[in-house]
Every structure is written in C-alpha cells, then in structure tokens.
file structure_23.cif (mmCIF, C-alpha atoms)
data_structure
#
loop_
_atom_site.group_PDB
_atom_site.id
_atom_site.type_symbol
_atom_site.label_atom_id
_atom_site.label_comp_id
_atom_site.auth_asym_id
_atom_site.auth_seq_id
_atom_site.Cartn_x
_atom_site.Cartn_y
_atom_site.Cartn_z
ATOM 1 C CA MET A 20 -27.130 24.784 -67.851
ATOM 2 C CA ARG A 21 -29.711 24.467 -65.081
ATOM 3 C CA ARG A 22 -28.623 20.824 -64.562
ATOM 4 C CA LEU A 23 -24.998 21.956 -64.148
ATOM 5 C CA ALA A 24 -25.996 24.645 -61.596
ATOM 6 C CA ILE A 25 -27.899 22.102 -59.503
ATOM 7 C CA LEU A 26 -24.951 19.690 -59.630
ATOM 8 C CA GLY A 27 -22.557 22.476 -58.570
ATOM 9 C CA ALA A 28 -24.735 23.414 -55.582
ATOM 10 C CA ALA A 29 -24.909 19.796 -54.453
ATOM 11 C CA LEU A 30 -21.130 19.426 -54.662
ATOM 12 C CA ALA A 31 -20.632 22.629 -52.639
ATOM 13 C CA ALA A 32 -22.988 21.407 -49.923
ATOM 14 C CA ALA A 33 -21.187 18.080 -49.761
ATOM 15 C CA SER A 34 -17.854 19.873 -49.463
ATOM 16 C CA LEU A 35 -19.084 22.002 -46.524
ATOM 17 C CA ALA A 36 -20.402 18.934 -44.706
ATOM 18 C CA ALA A 37 -17.110 17.092 -45.194
ATOM 19 C CA CYS A 38 -15.218 20.043 -43.694
ATOM 20 C CA GLY A 39 -17.446 20.007 -40.603
ATOM 21 C CA SER A 40 -19.117 23.277 -41.439
ATOM 22 C CA SER A 41 -22.593 21.842 -41.413
ATOM 23 C CA SER A 42 -24.587 22.886 -38.344
ATOM 24 C CA SER A 43 -26.144 19.404 -38.233
ATOM 25 C CA SER A 44 -22.782 17.622 -37.555
ATOM 26 C CA THR A 45 -22.706 15.732 -34.192
ATOM 27 C CA THR A 46 -19.315 14.034 -34.553
ATOM 28 C CA THR A 47 -17.462 13.791 -31.170
ATOM 29 C CA PRO A 48 -13.701 13.224 -31.108
ATOM 30 C CA PRO A 49 -12.587 10.057 -29.307
ATOM 31 C CA PRO A 50 -11.275 10.398 -25.719
ATOM 32 C CA SER A 51 -7.591 11.221 -25.461
ATOM 33 C CA GLY A 52 -5.557 8.451 -23.857
ATOM 34 C CA PHE A 53 -1.885 8.012 -23.026
ATOM 35 C CA PRO A 54 0.167 6.787 -26.018
ATOM 36 C CA GLN A 55 1.551 3.357 -25.200
ATOM 37 C CA PRO A 56 5.324 3.322 -25.782
ATOM 38 C CA ALA A 57 6.286 1.266 -28.831
ATOM 39 C CA GLY A 58 7.355 -2.297 -28.209
ATOM 40 C CA THR A 59 5.913 -2.478 -24.676
ATOM 41 C CA VAL A 60 3.364 -4.585 -22.832
ATOM 42 C CA ALA A 61 0.760 -2.985 -20.537
ATOM 43 C CA VAL A 62 0.766 -4.231 -16.928
ATOM 44 C CA ASN A 63 -2.301 -3.487 -14.769
ATOM 45 C CA PHE A 64 -2.531 -3.305 -10.961
ATOM 46 C CA THR A 65 -5.474 -2.373 -8.706
ATOM 47 C CA VAL A 66 -6.085 -2.051 -4.959
ATOM 48 C CA ASP A 67 -9.651 -1.941 -3.603
ATOM 49 C CA ASP A 68 -10.200 0.505 -0.703
ATOM 50 C CA THR A 69 -13.985 0.616 -0.904
ATOM 51 C CA ALA A 70 -14.398 -0.860 2.597
ATOM 52 C CA ASN A 71 -12.633 1.966 4.450
ATOM 53 C CA LYS A 72 -12.176 4.812 1.932
ATOM 54 C CA VAL A 73 -9.172 6.221 3.800
ATOM 55 C CA PHE A 74 -6.698 6.721 0.971
ATOM 56 C CA THR A 75 -6.373 9.780 -1.246
ATOM 57 C CA SER A 76 -4.366 10.654 -4.325
ATOM 58 C CA GLY A 77 -0.635 10.075 -3.884
ATOM 59 C CA THR A 78 -0.861 8.016 -0.695
ATOM 60 C CA LEU A 79 -0.431 4.520 -2.191
ATOM 61 C CA GLU A 80 2.536 3.193 -4.152
ATOM 62 C CA TRP A 81 3.078 -0.057 -6.038
ATOM 63 C CA LYS A 82 6.464 -1.047 -4.628
ATOM 64 C CA GLY A 83 8.493 -3.726 -6.361
ATOM 65 C CA SER A 84 11.601 -4.896 -8.175
ATOM 66 C CA PHE A 85 11.393 -2.123 -10.719
ATOM 67 C CA VAL A 86 12.072 1.563 -11.354
ATOM 68 C CA TYR A 87 9.250 3.759 -12.667
ATOM 69 C CA ASP A 88 9.599 6.594 -15.182
ATOM 70 C CA THR A 89 6.794 9.123 -14.669
ATOM 71 C CA THR A 90 7.137 10.527 -18.197
ATOM 72 C CA THR A 91 7.004 7.315 -20.217
ATOM 73 C CA ARG A 92 5.113 5.341 -17.536
ATOM 74 C CA LYS A 93 7.567 2.517 -18.158
ATOM 75 C CA ILE A 94 9.090 0.245 -15.537
ATOM 76 C CA THR A 95 12.505 -1.378 -15.784
ATOM 77 C CA TYR A 96 13.709 -4.278 -13.704
ATOM 78 C CA ASP A 97 15.659 -3.490 -10.517
ATOM 79 C CA ALA A 98 16.539 -6.388 -8.235
ATOM 80 C CA THR A 99 17.386 -3.949 -5.404
ATOM 81 C CA TRP A 100 13.865 -2.452 -5.235
ATOM 82 C CA GLY A 101 15.489 0.958 -5.420
ATOM 83 C CA GLY A 102 12.442 2.887 -6.653
ATOM 84 C CA GLY A 103 10.843 5.213 -7.508
ATOM 85 C CA TYR A 104 7.556 3.431 -7.641
ATOM 86 C CA PRO A 105 4.300 3.972 -9.529
ATOM 87 C CA PRO A 106 1.722 5.903 -7.494
ATOM 88 C CA LEU A 107 -1.840 4.602 -7.601
ATOM 89 C CA TYR A 108 -4.681 6.687 -8.987
ATOM 90 C CA ASP A 109 -8.462 6.840 -8.954
ATOM 91 C CA ASP A 110 -8.789 8.990 -12.076
ATOM 92 C CA GLY A 111 -10.135 6.558 -14.652
ATOM 93 C CA PRO A 112 -8.499 4.471 -17.399
ATOM 94 C CA TRP A 113 -5.199 5.344 -19.065
ATOM 95 C CA THR A 114 -6.945 4.966 -22.410
ATOM 96 C CA ALA A 115 -9.166 7.961 -21.633
ATOM 97 C CA GLY A 116 -6.871 10.457 -19.934
ATOM 98 C CA GLY A 117 -6.321 8.754 -16.544
ATOM 99 C CA HIS A 118 -3.770 6.304 -15.176
ATOM 100 C CA GLU A 119 -5.844 3.269 -14.151
ATOM 101 C CA PRO A 120 -6.352 0.039 -16.097
ATOM 102 C CA ASP A 121 -8.722 0.069 -19.052
ATOM 103 C CA GLY A 122 -12.339 -0.138 -17.868
ATOM 104 C CA ALA A 123 -11.685 1.479 -14.463
ATOM 105 C CA VAL A 124 -14.109 4.032 -13.048
ATOM 106 C CA ALA A 125 -12.836 7.285 -11.591
ATOM 107 C CA GLY A 126 -13.764 8.094 -8.004
ATOM 108 C CA ASP A 127 -14.782 4.584 -6.918
ATOM 109 C CA HIS A 128 -12.033 4.135 -4.279
ATOM 110 C CA LYS A 129 -10.356 1.438 -6.340
ATOM 111 C CA TRP A 130 -6.808 2.666 -6.778
ATOM 112 C CA GLY A 131 -4.881 1.491 -9.797
ATOM 113 C CA VAL A 132 -2.220 2.097 -12.394
ATOM 114 C CA THR A 133 -1.206 0.765 -15.775
ATOM 115 C CA VAL A 134 2.521 0.730 -16.494
ATOM 116 C CA PHE A 135 4.437 -0.440 -19.536
ATOM 117 C CA VAL A 136 7.371 -2.795 -19.809
ATOM 118 C CA THR A 137 9.639 -3.830 -22.656
ATOM 119 C CA PRO A 138 9.800 -7.650 -22.901
ATOM 120 C CA PRO A 139 13.259 -9.223 -22.637
ATOM 121 C CA VAL A 140 15.056 -10.181 -25.838
ATOM 122 C CA THR A 141 15.087 -13.822 -24.736
ATOM 123 C CA GLY A 142 13.591 -15.812 -21.874
ATOM 124 C CA THR A 143 11.336 -14.414 -19.178
ATOM 125 C CA GLN A 144 11.791 -11.637 -16.635
ATOM 126 C CA ALA A 145 10.087 -12.125 -13.265
ATOM 127 C CA TYR A 146 8.977 -9.117 -11.215
ATOM 128 C CA ALA A 147 8.102 -9.130 -7.496
ATOM 129 C CA TYR A 148 6.018 -6.491 -5.754
ATOM 130 C CA GLY A 149 3.903 -5.364 -2.830
ATOM 131 C CA LEU A 150 2.127 -2.234 -1.625
ATOM 132 C CA GLN A 151 3.194 0.650 0.557
ATOM 133 C CA ASP A 152 1.515 3.600 2.224
ATOM 134 C CA LYS A 153 3.668 6.476 0.973
ATOM 135 C CA THR A 154 2.450 8.794 3.728
ATOM 136 C CA TYR A 155 3.634 6.390 6.412
ATOM 137 C CA GLN A 156 6.864 5.750 4.528
ATOM 138 C CA ASP A 157 7.659 9.463 4.344
ATOM 139 C CA LEU A 158 6.641 10.274 7.930
ATOM 140 C CA TYR A 159 7.695 7.180 9.856
ATOM 141 C CA GLY A 160 10.221 5.354 7.684
ATOM 142 C CA ASN A 161 8.078 2.333 6.798
ATOM 143 C CA GLY A 162 4.757 1.970 5.022
ATOM 144 C CA TRP A 163 4.544 -1.686 3.954
ATOM 145 C CA ILE A 164 0.871 -2.760 3.947
ATOM 146 C CA TRP A 165 0.894 -5.666 1.493
ATOM 147 C CA ILE A 166 -0.693 -8.743 3.079
ATOM 148 C CA GLY A 167 1.052 -12.091 2.700
ATOM 149 C CA SER A 168 3.928 -13.136 0.438
ATOM 150 C CA ASN A 169 5.144 -10.822 -2.308
ATOM 151 C CA GLY A 170 3.100 -10.668 -5.479
ATOM 152 C CA GLY A 171 4.688 -11.367 -8.832
ATOM 153 C CA PHE A 172 4.247 -11.342 -12.610
ATOM 154 C CA ASN A 173 6.344 -12.558 -15.541
ATOM 155 C CA VAL A 174 7.081 -10.878 -18.862
ATOM 156 C CA ALA A 175 8.191 -13.262 -21.620
ATOM 157 C CA SER A 176 10.157 -12.484 -24.741
ATOM 158 C CA GLY A 177 7.815 -11.553 -27.586
ATOM 159 C CA ALA A 178 4.850 -10.856 -25.272
ATOM 160 C CA THR A 179 2.242 -8.419 -26.573
ATOM 161 C CA ALA A 180 -0.935 -9.077 -24.560
ATOM 162 C CA PRO A 181 -1.700 -6.936 -21.478
ATOM 163 C CA ILE A 182 -0.796 -8.464 -18.108
ATOM 164 C CA THR A 183 -2.895 -8.133 -14.955
ATOM 165 C CA ALA A 184 -0.784 -8.299 -11.803
ATOM 166 C CA SER A 185 -2.827 -9.594 -8.859
ATOM 167 C CA GLY A 186 -3.929 -6.720 -6.650
ATOM 168 C CA MET A 187 -5.407 -6.607 -3.176
ATOM 169 C CA THR A 188 -8.664 -5.779 -1.436
ATOM 170 C CA LEU A 189 -7.947 -3.925 1.791
ATOM 171 C CA PRO A 190 -10.059 -5.496 4.551
ATOM 172 C CA ALA A 191 -12.547 -3.427 6.514
ATOM 173 C CA PHE A 192 -11.324 -2.243 9.870
ATOM 174 C CA GLY A 193 -12.447 -4.276 12.868
ATOM 175 C CA THR A 194 -13.616 -3.271 16.336
ATOM 176 C CA THR A 195 -11.148 -5.113 18.586
ATOM 177 C CA ASP A 196 -8.356 -3.156 20.250
ATOM 178 C CA MET A 197 -4.953 -4.667 21.079
ATOM 179 C CA GLN A 198 -2.472 -3.904 23.828
ATOM 180 C CA LEU A 199 1.210 -4.801 24.102
ATOM 181 C CA ILE A 200 3.267 -4.312 27.268
ATOM 182 C CA ILE A 201 7.004 -4.840 27.663
ATOM 183 C CA ASP A 202 8.584 -4.871 31.117
ATOM 184 C CA LYS A 203 12.149 -3.563 30.840
ATOM 185 C CA ASN A 204 12.965 -5.210 34.200
ATOM 186 C CA ALA A 205 11.929 -8.686 33.033
ATOM 187 C CA LEU A 206 13.683 -9.062 29.689
ATOM 188 C CA ALA A 207 15.425 -12.214 28.479
ATOM 189 C CA ALA A 208 18.980 -12.806 29.682
ATOM 190 C CA GLY A 209 21.496 -10.551 27.984
ATOM 191 C CA THR A 210 22.553 -6.929 27.838
ATOM 192 C CA TRP A 211 19.752 -4.737 26.562
ATOM 193 C CA ASP A 212 19.790 -0.976 26.081
ATOM 194 C CA THR A 213 16.423 0.281 27.326
ATOM 195 C CA SER A 214 17.121 4.005 26.971
ATOM 196 C CA PHE A 215 14.663 3.949 24.058
ATOM 197 C CA ILE A 216 11.912 1.379 23.554
ATOM 198 C CA ARG A 217 9.938 1.132 20.337
ATOM 199 C CA VAL A 218 7.529 -1.306 18.780
ATOM 200 C CA LYS A 219 6.680 -1.945 15.142
ATOM 201 C CA GLY A 220 3.955 -4.164 13.731
ATOM 202 C CA SER A 221 1.823 -5.191 10.791
ATOM 203 C CA PRO A 222 -1.397 -3.360 11.828
ATOM 204 C CA TRP A 223 0.390 0.006 11.513
ATOM 205 C CA ALA A 224 2.573 -0.779 8.457
ATOM 206 C CA TRP A 225 5.682 -1.808 10.415
ATOM 207 C CA SER A 226 6.494 1.753 11.385
ATOM 208 C CA ASN A 227 8.438 2.277 14.611
ATOM 209 C CA VAL A 228 6.480 3.797 17.503
ATOM 210 C CA LEU A 229 8.536 5.292 20.324
ATOM 211 C CA LEU A 230 7.016 4.332 23.687
ATOM 212 C CA ALA A 231 7.271 6.162 26.996
ATOM 213 C CA ASP A 232 6.760 5.051 30.588
ATOM 214 C CA ASN A 233 4.875 8.202 31.496
ATOM 215 C CA GLY A 234 1.238 7.216 31.905
ATOM 216 C CA THR A 235 0.113 8.409 28.437
ATOM 217 C CA LYS A 236 -1.001 6.714 25.210
ATOM 218 C CA GLY A 237 -2.460 3.751 27.100
ATOM 219 C CA ASP A 238 0.416 3.464 29.603
ATOM 220 C CA ALA A 239 -1.229 2.939 32.996
ATOM 221 C CA THR A 240 1.390 4.128 35.486
ATOM 222 C CA ALA A 241 4.395 6.364 34.977
ATOM 223 C CA GLY A 242 7.783 5.106 36.087
ATOM 224 C CA ASP A 243 6.912 1.435 36.703
ATOM 225 C CA GLY A 244 9.154 0.057 33.960
ATOM 226 C CA LEU A 245 6.191 -1.073 31.868
ATOM 227 C CA TYR A 246 5.992 0.375 28.369
ATOM 228 C CA THR A 247 2.535 0.063 26.840
ATOM 229 C CA PHE A 248 1.316 0.235 23.256
ATOM 230 C CA GLN A 249 -2.423 0.473 22.653
ATOM 231 C CA LEU A 250 -3.549 0.223 19.025
ATOM 232 C CA SER A 251 -6.531 2.582 19.390
ATOM 233 C CA ALA A 252 -4.254 5.349 20.683
ATOM 234 C CA TYR A 253 -2.336 5.427 17.411
ATOM 235 C CA THR A 254 -4.730 4.379 14.622
ATOM 236 C CA GLY A 255 -7.892 5.874 13.168
ATOM 237 C CA ALA A 256 -8.921 9.402 12.237
ATOM 238 C CA GLY A 257 -7.002 12.079 14.108
ATOM 239 C CA ASN A 258 -4.193 9.715 15.143
ATOM 240 C CA PRO A 259 -0.719 9.267 13.615
ATOM 241 C CA PHE A 260 -1.712 6.156 11.644
ATOM 242 C CA ASN A 261 -4.978 7.454 10.241
ATOM 243 C CA HIS A 262 -5.019 4.931 7.383
ATOM 244 C CA SER A 263 -5.089 2.002 9.839
ATOM 245 C CA GLY A 264 -7.742 0.605 12.169
ATOM 246 C CA LEU A 265 -8.638 -1.992 14.765
ATOM 247 C CA LEU A 266 -8.674 -5.780 14.429
ATOM 248 C CA HIS A 267 -11.115 -8.603 13.635
ATOM 249 C CA SER A 268 -11.541 -11.995 15.245
ATOM 250 C CA GLY A 269 -9.087 -14.343 13.541
ATOM 251 C CA ASP A 270 -6.520 -11.651 12.707
ATOM 252 C CA LYS A 271 -2.880 -12.456 13.462
ATOM 253 C CA PRO A 272 -1.097 -9.163 14.092
ATOM 254 C CA GLU A 273 2.699 -9.391 13.992
ATOM 255 C CA PHE A 274 5.037 -7.191 16.012
ATOM 256 C CA ILE A 275 8.646 -6.710 17.118
ATOM 257 C CA PHE A 276 10.007 -4.571 19.954
ATOM 258 C CA VAL A 277 13.121 -2.516 19.200
ATOM 259 C CA LEU A 278 15.484 -1.538 22.024
ATOM 260 C CA GLY A 279 18.108 1.191 22.335
ATOM 261 C CA GLY A 280 19.338 3.556 19.642
ATOM 262 C CA SER A 281 18.604 7.253 19.868
ATOM 263 C CA ALA A 282 15.668 9.582 19.397
ATOM 264 C CA SER A 283 16.278 9.617 15.638
ATOM 265 C CA THR A 284 17.737 6.152 14.988
ATOM 266 C CA PRO A 285 16.305 2.741 15.910
ATOM 267 C CA GLY A 286 18.241 0.283 18.024
ATOM 268 C CA VAL A 287 18.289 -3.513 18.082
ATOM 269 C CA GLU A 288 15.324 -5.779 17.511
ATOM 270 C CA TYR A 289 14.395 -7.791 20.594
ATOM 271 C CA LYS A 290 15.512 -11.147 19.174
ATOM 272 C CA ASP A 291 17.843 -13.948 20.173
ATOM 273 C CA ALA A 292 21.192 -14.695 18.540
ATOM 274 C CA GLY A 293 19.427 -16.741 15.860
ATOM 275 C CA GLY A 294 17.177 -13.855 14.835
ATOM 276 C CA VAL A 295 14.055 -15.246 16.479
ATOM 277 C CA ALA A 296 11.807 -12.725 18.233
ATOM 278 C CA LEU A 297 11.713 -12.959 22.026
ATOM 279 C CA SER A 298 8.540 -12.751 24.077
ATOM 280 C CA THR A 299 10.102 -12.828 27.561
ATOM 281 C CA GLY A 300 8.832 -9.823 29.497
ATOM 282 C CA ILE A 301 6.071 -9.122 26.969
ATOM 283 C CA THR A 302 2.327 -9.519 27.441
ATOM 284 C CA ALA A 303 -0.508 -9.000 24.974
ATOM 285 C CA ALA A 304 -4.229 -8.474 25.427
ATOM 286 C CA ILE A 305 -7.310 -7.619 23.381
ATOM 287 C CA LYS A 306 -10.467 -5.664 24.134
ATOM 288 C CA PRO A 307 -13.521 -6.126 21.885
ATOM 289 C CA SER A 308 -15.896 -3.250 21.279
ATOM 290 C CA GLY A 309 -18.185 -2.740 24.263
ATOM 291 C CA SER A 310 -15.873 -4.483 26.711
ATOM 292 C CA SER A 311 -14.374 -2.600 29.643
ATOM 293 C CA THR A 312 -11.596 -5.092 30.370
ATOM 294 C CA TRP A 313 -8.506 -6.406 28.604
ATOM 295 C CA THR A 314 -8.351 -10.144 27.923
ATOM 296 C CA PRO A 315 -4.828 -11.665 27.843
ATOM 297 C CA VAL A 316 -3.824 -13.634 24.748
ATOM 298 C CA THR A 317 -0.965 -16.053 24.171
ATOM 299 C CA ILE A 318 2.019 -14.753 22.233
ATOM 300 C CA GLY A 319 3.680 -17.109 19.766
ATOM 301 C CA VAL A 320 6.439 -16.918 17.166
ATOM 302 C CA LEU A 321 5.637 -17.324 13.465
ATOM 303 C CA PRO A 322 7.808 -19.136 10.902
ATOM 304 C CA ASN A 323 9.084 -15.714 9.788
ATOM 305 C CA ASN A 324 10.457 -15.268 13.372
ATOM 306 C CA ASN A 325 8.073 -12.444 14.314
ATOM 307 C CA THR A 326 6.042 -12.455 17.510
ATOM 308 C CA SER A 327 2.298 -12.650 17.007
ATOM 309 C CA PHE A 328 -1.021 -13.799 18.463
ATOM 310 C CA THR A 329 -4.434 -14.737 17.146
ATOM 311 C CA VAL A 330 -7.374 -12.470 17.962
ATOM 312 C CA PRO A 331 -10.097 -14.669 19.554
#
call {"tool": "encode", "arguments": {"input": "structure_23.cif", "output": "structure tokens"}}
result
Amino acid sequence: MRRLAILGAALAAASLAACGSSSSSTTTPPPSGFPQPAGTVAVNFTVDDTANKVFTSGTLEWKGSFVYDTTTRKITYDATWGGGYPPLYDDGPWTAGGHEPDGAVAGDHKWGVTVFVTPPVTGTQAYAYGLQDKTYQDLYGNGWIWIGSNGGFNVASGATAPITASGMTLPAFGTTDMQLIIDKNALAAGTWDTSFIRVKGSPWAWSNVLLADNGTKGDATAGDGLYTFQLSAYTGAGNPFNHSGLLHSGDKPEFIFVLGGSASTPGVEYKDAGGVALSTGITAAIKPSGSSTWTPVTIGVLPNNNTSFTVP
C-alpha cells in the first residue's frame, strides 16, 4: 500500500507540472507574428534612412503597380498604379508583431514592410515600383523620391520562397546650395502665360513650388521679371520640404519650370513642341558651404528631356 501511495503522489506532481501549475516553470510563449495568408509568397522591401533620420511612421510609401490591402497585407497587380500603397514601418519583423521583413530591428531608421502576393496560375507576373514621401504627396501633390529607374520583382507560378525586392539607401544630405532663375522677359519664342511661374525638381520630390517676383525666398529684387528658386529656402528643418536637403559634388539635380495655370492648378511645362525641356531664359548656380558667392553652372538636357546640371 505504501508503494501505491508513493506512486500516486508522483503522478499527481507530474500532472501539476504538465498543467503549468509548478512554480518552477519558466516556459515563455513564442512571439506573436502576423499569420501569412495561405497560398501566398512573402515579398520584403526596405529603405535605409540612417544617414539623415528625417522620416517618421507613416511618411514613406512603397508605390508600385499593385494595390495593398491593409487587413490581409496582400498586394494584387494593378498596371495603373492606382494604389493604395503599403506604408513603411520601423516596428520590427512581421514574424514578431511588426510589419518589417524577418530579422529587422525596430527603431533603427531602416523602414520596411513585408507584403504577401498570390503567385499567378501560370507564367510570371512582373511588378514595378518606387518610393514616395506620403507627406509631400498629400501636401504638395507629388512625393516621388525613388532614385533612378523603377525597381521591379517577378512572381512565378508555383513560387513559395520569400522574395526580396531591392530597396534603397537614402543618401546623406550635402552642403551645397542651388539657385535657379527664370527671366519671364527672355523666354524661348512662343506664347507663354507667365501669370503663375512654378518649378519642380528631383531634390524636393518633384513637387511644384510657386515662385514670386517679390524679393523673398531668395529672390533678389522685386518686380524685375526674374523669378528665383533657392534650395535652402525650401528644404531642411522648419521649411516646407523638411525631409529634403542640400546637394553633394557630383549630384545631377533635375528640374522643370511650369508656366501659367492658376493658384490651385499647374499650367504648362516649359518645353518645346517635342516635349524637350527648354533652358532659354534660365540660369543656374551653386554655392558650397562657406562660400559667399554663387557660381554659375551649365544647364543641359538629359535623355529623359528634363533640364539638369552637374554639381562641381
């Protein structure tokens, strides 16, 4: 009987331990991640902002030929780029409660997202993409900050392995200012509406900036017909384009002047009949940090028909 009592006590103790009632248990439940939708492939994308640290939650979007579902985190192909688009996060991996690719670290200024896509029944589906500043897009109507040609990834029928879409490292801001001046009295031959003059360019995400000939924002003299844009007057902390900065030697900023329209609608790009940007009546200059004078630079036209110059 004593042997049976000892055996019963041992079984009771084992039962308590199995139920987690033992005070010595140190079992920790695994981290809770997002459940990957059945039949999908994970696609990872990351943008590195460690050089400038200017972006915050909700200010970057992965824009591309897809539509994003915030509930399922799935994308579906859309050739029109109609959106909505996946926002980028800095909250850790999707496998542990965040949205970033597996292995990401929260709070490191590397913004990412993992989305899911259902492979096509046959063949391969190609996706194109870039990056936009959602703040600029919402405030100024354009926020495209992807550098170079569109990115892309392919999803093949039967695919199961995760895909890493090439991301981007945002370059550190430079210390060279740029100045653009357009003389409304020296434009190329043709009929141009100069009631409103704007300029848009790559250093400030191609957003339109309305210029005034009133001696402010870098404009030297009011009423002289010269409309001046000075990069430092619009970019950096406290300015409209606070996620943008100055230039480096070797940079090739692109820009286009836009003429006419109204206070709320843009007019016509300053281009010839073939769609090539015009530089007649336009001058450009740069001013490195520590310099007190502007140095003129030569304006050229790129193969994409935008005006540009190279920072010395």
call {"tool": "residues_around", "arguments": {"input": "structure_23.cif", "residues": "Trp223 in chain A", "least_positions_apart": "4", "cutoff": "8 Å", "atoms": "only C-alpha atoms", "output": "PyMOL selection string"}}
result
chain A and resi 219+254+260+263
call {"tool": "atom_distance", "arguments": {"input": "structure_23.cif", "atom1": "CA of Gly52 in chain A", "atom2": "CA of Thr154 in chain A"}}
result
28.7 Å
call {"tool": "atom_distance", "arguments": {"input": "structure_23.cif", "atom1": "CA of Asn227 in chain A", "atom2": "CA of Leu189 in chain A"}}
result
21.7 Å
call {"tool": "residues_around", "arguments": {"input": "structure_23.cif", "residues": "Met197 in chain A", "least_positions_apart": "2", "cutoff": "7 Å", "atoms": "only C-alpha atoms", "output": "VMD selection string"}}
result
chain A and resid 195 199 249 to 250 304 to 306
call {"tool": "resolve_selection", "arguments": {"input": "structure_23.cif", "expression": "the PyMOL selection byres ((chain A and resi 125-139) around 6)", "output": "PDB file with C-alpha atoms, in the frame of the given file"}}
result
ATOM      1  CA  THR A  59       5.913  -2.478 -24.676  1.00  0.00           C
ATOM      2  CA  VAL A  60       3.364  -4.585 -22.832  1.00  0.00           C
ATOM      3  CA  ALA A  61       0.760  -2.985 -20.537  1.00  0.00           C
ATOM      4  CA  VAL A  62       0.766  -4.231 -16.928  1.00  0.00           C
ATOM      5  CA  ASN A  63      -2.301  -3.487 -14.769  1.00  0.00           C
ATOM      6  CA  PHE A  64      -2.531  -3.305 -10.961  1.00  0.00           C
ATOM      7  CA  THR A  65      -5.474  -2.373  -8.706  1.00  0.00           C
ATOM      8  CA  VAL A  66      -6.085  -2.051  -4.959  1.00  0.00           C
ATOM      9  CA  ASP A  67      -9.651  -1.941  -3.603  1.00  0.00           C
ATOM     10  CA  ASP A  68     -10.200   0.505  -0.703  1.00  0.00           C
ATOM     11  CA  THR A  69     -13.985   0.616  -0.904  1.00  0.00           C
ATOM     12  CA  ARG A  92       5.113   5.341 -17.536  1.00  0.00           C
ATOM     13  CA  LYS A  93       7.567   2.517 -18.158  1.00  0.00           C
ATOM     14  CA  ILE A  94       9.090   0.245 -15.537  1.00  0.00           C
ATOM     15  CA  LEU A 107      -1.840   4.602  -7.601  1.00  0.00           C
ATOM     16  CA  TYR A 108      -4.681   6.687  -8.987  1.00  0.00           C
ATOM     17  CA  ASP A 109      -8.462   6.840  -8.954  1.00  0.00           C
ATOM     18  CA  ASP A 110      -8.789   8.990 -12.076  1.00  0.00           C
ATOM     19  CA  GLY A 111     -10.135   6.558 -14.652  1.00  0.00           C
ATOM     20  CA  HIS A 118      -3.770   6.304 -15.176  1.00  0.00           C
ATOM     21  CA  GLU A 119      -5.844   3.269 -14.151  1.00  0.00           C
ATOM     22  CA  PRO A 120      -6.352   0.039 -16.097  1.00  0.00           C
ATOM     23  CA  VAL A 124     -14.109   4.032 -13.048  1.00  0.00           C
ATOM     24  CA  VAL A 140      15.056 -10.181 -25.838  1.00  0.00           C
ATOM     25  CA  THR A 141      15.087 -13.822 -24.736  1.00  0.00           C
ATOM     26  CA  VAL A 174       7.081 -10.878 -18.862  1.00  0.00           C
ATOM     27  CA  ALA A 175       8.191 -13.262 -21.620  1.00  0.00           C
ATOM     28  CA  SER A 176      10.157 -12.484 -24.741  1.00  0.00           C
TER      29      SER A 176
END
call {"tool": "atom_distance", "arguments": {"input": "structure_23.cif", "atom1": "CA of Glu288 in chain A", "atom2": "CA of Val330 in chain A"}}
result
23.7 Å
call {"tool": "residues_around", "arguments": {"input": "structure_23.cif", "residues": "Phe85 in chain A", "least_positions_apart": "6", "cutoff": "9 Å", "atoms": "all atoms listed in the file", "output": "PyMOL selection string"}}
result
chain A and resi 94-104+146-148
call {"tool": "closest_residue", "arguments": {"input": "structure_23.cif", "among": "A:Gly255, A:Gly280, A:Gly162, A:Gly237", "to": "Trp313 in chain A", "atoms": "all atoms listed in the file"}}
result
A:Gly237
call {"tool": "closest_residue", "arguments": {"input": "structure_23.cif", "among": "A:Val218, A:Ile301, A:Val73, A:Ala292", "to": "Thr317 in chain A", "atoms": "all atoms listed in the file"}}
result
A:Ile301
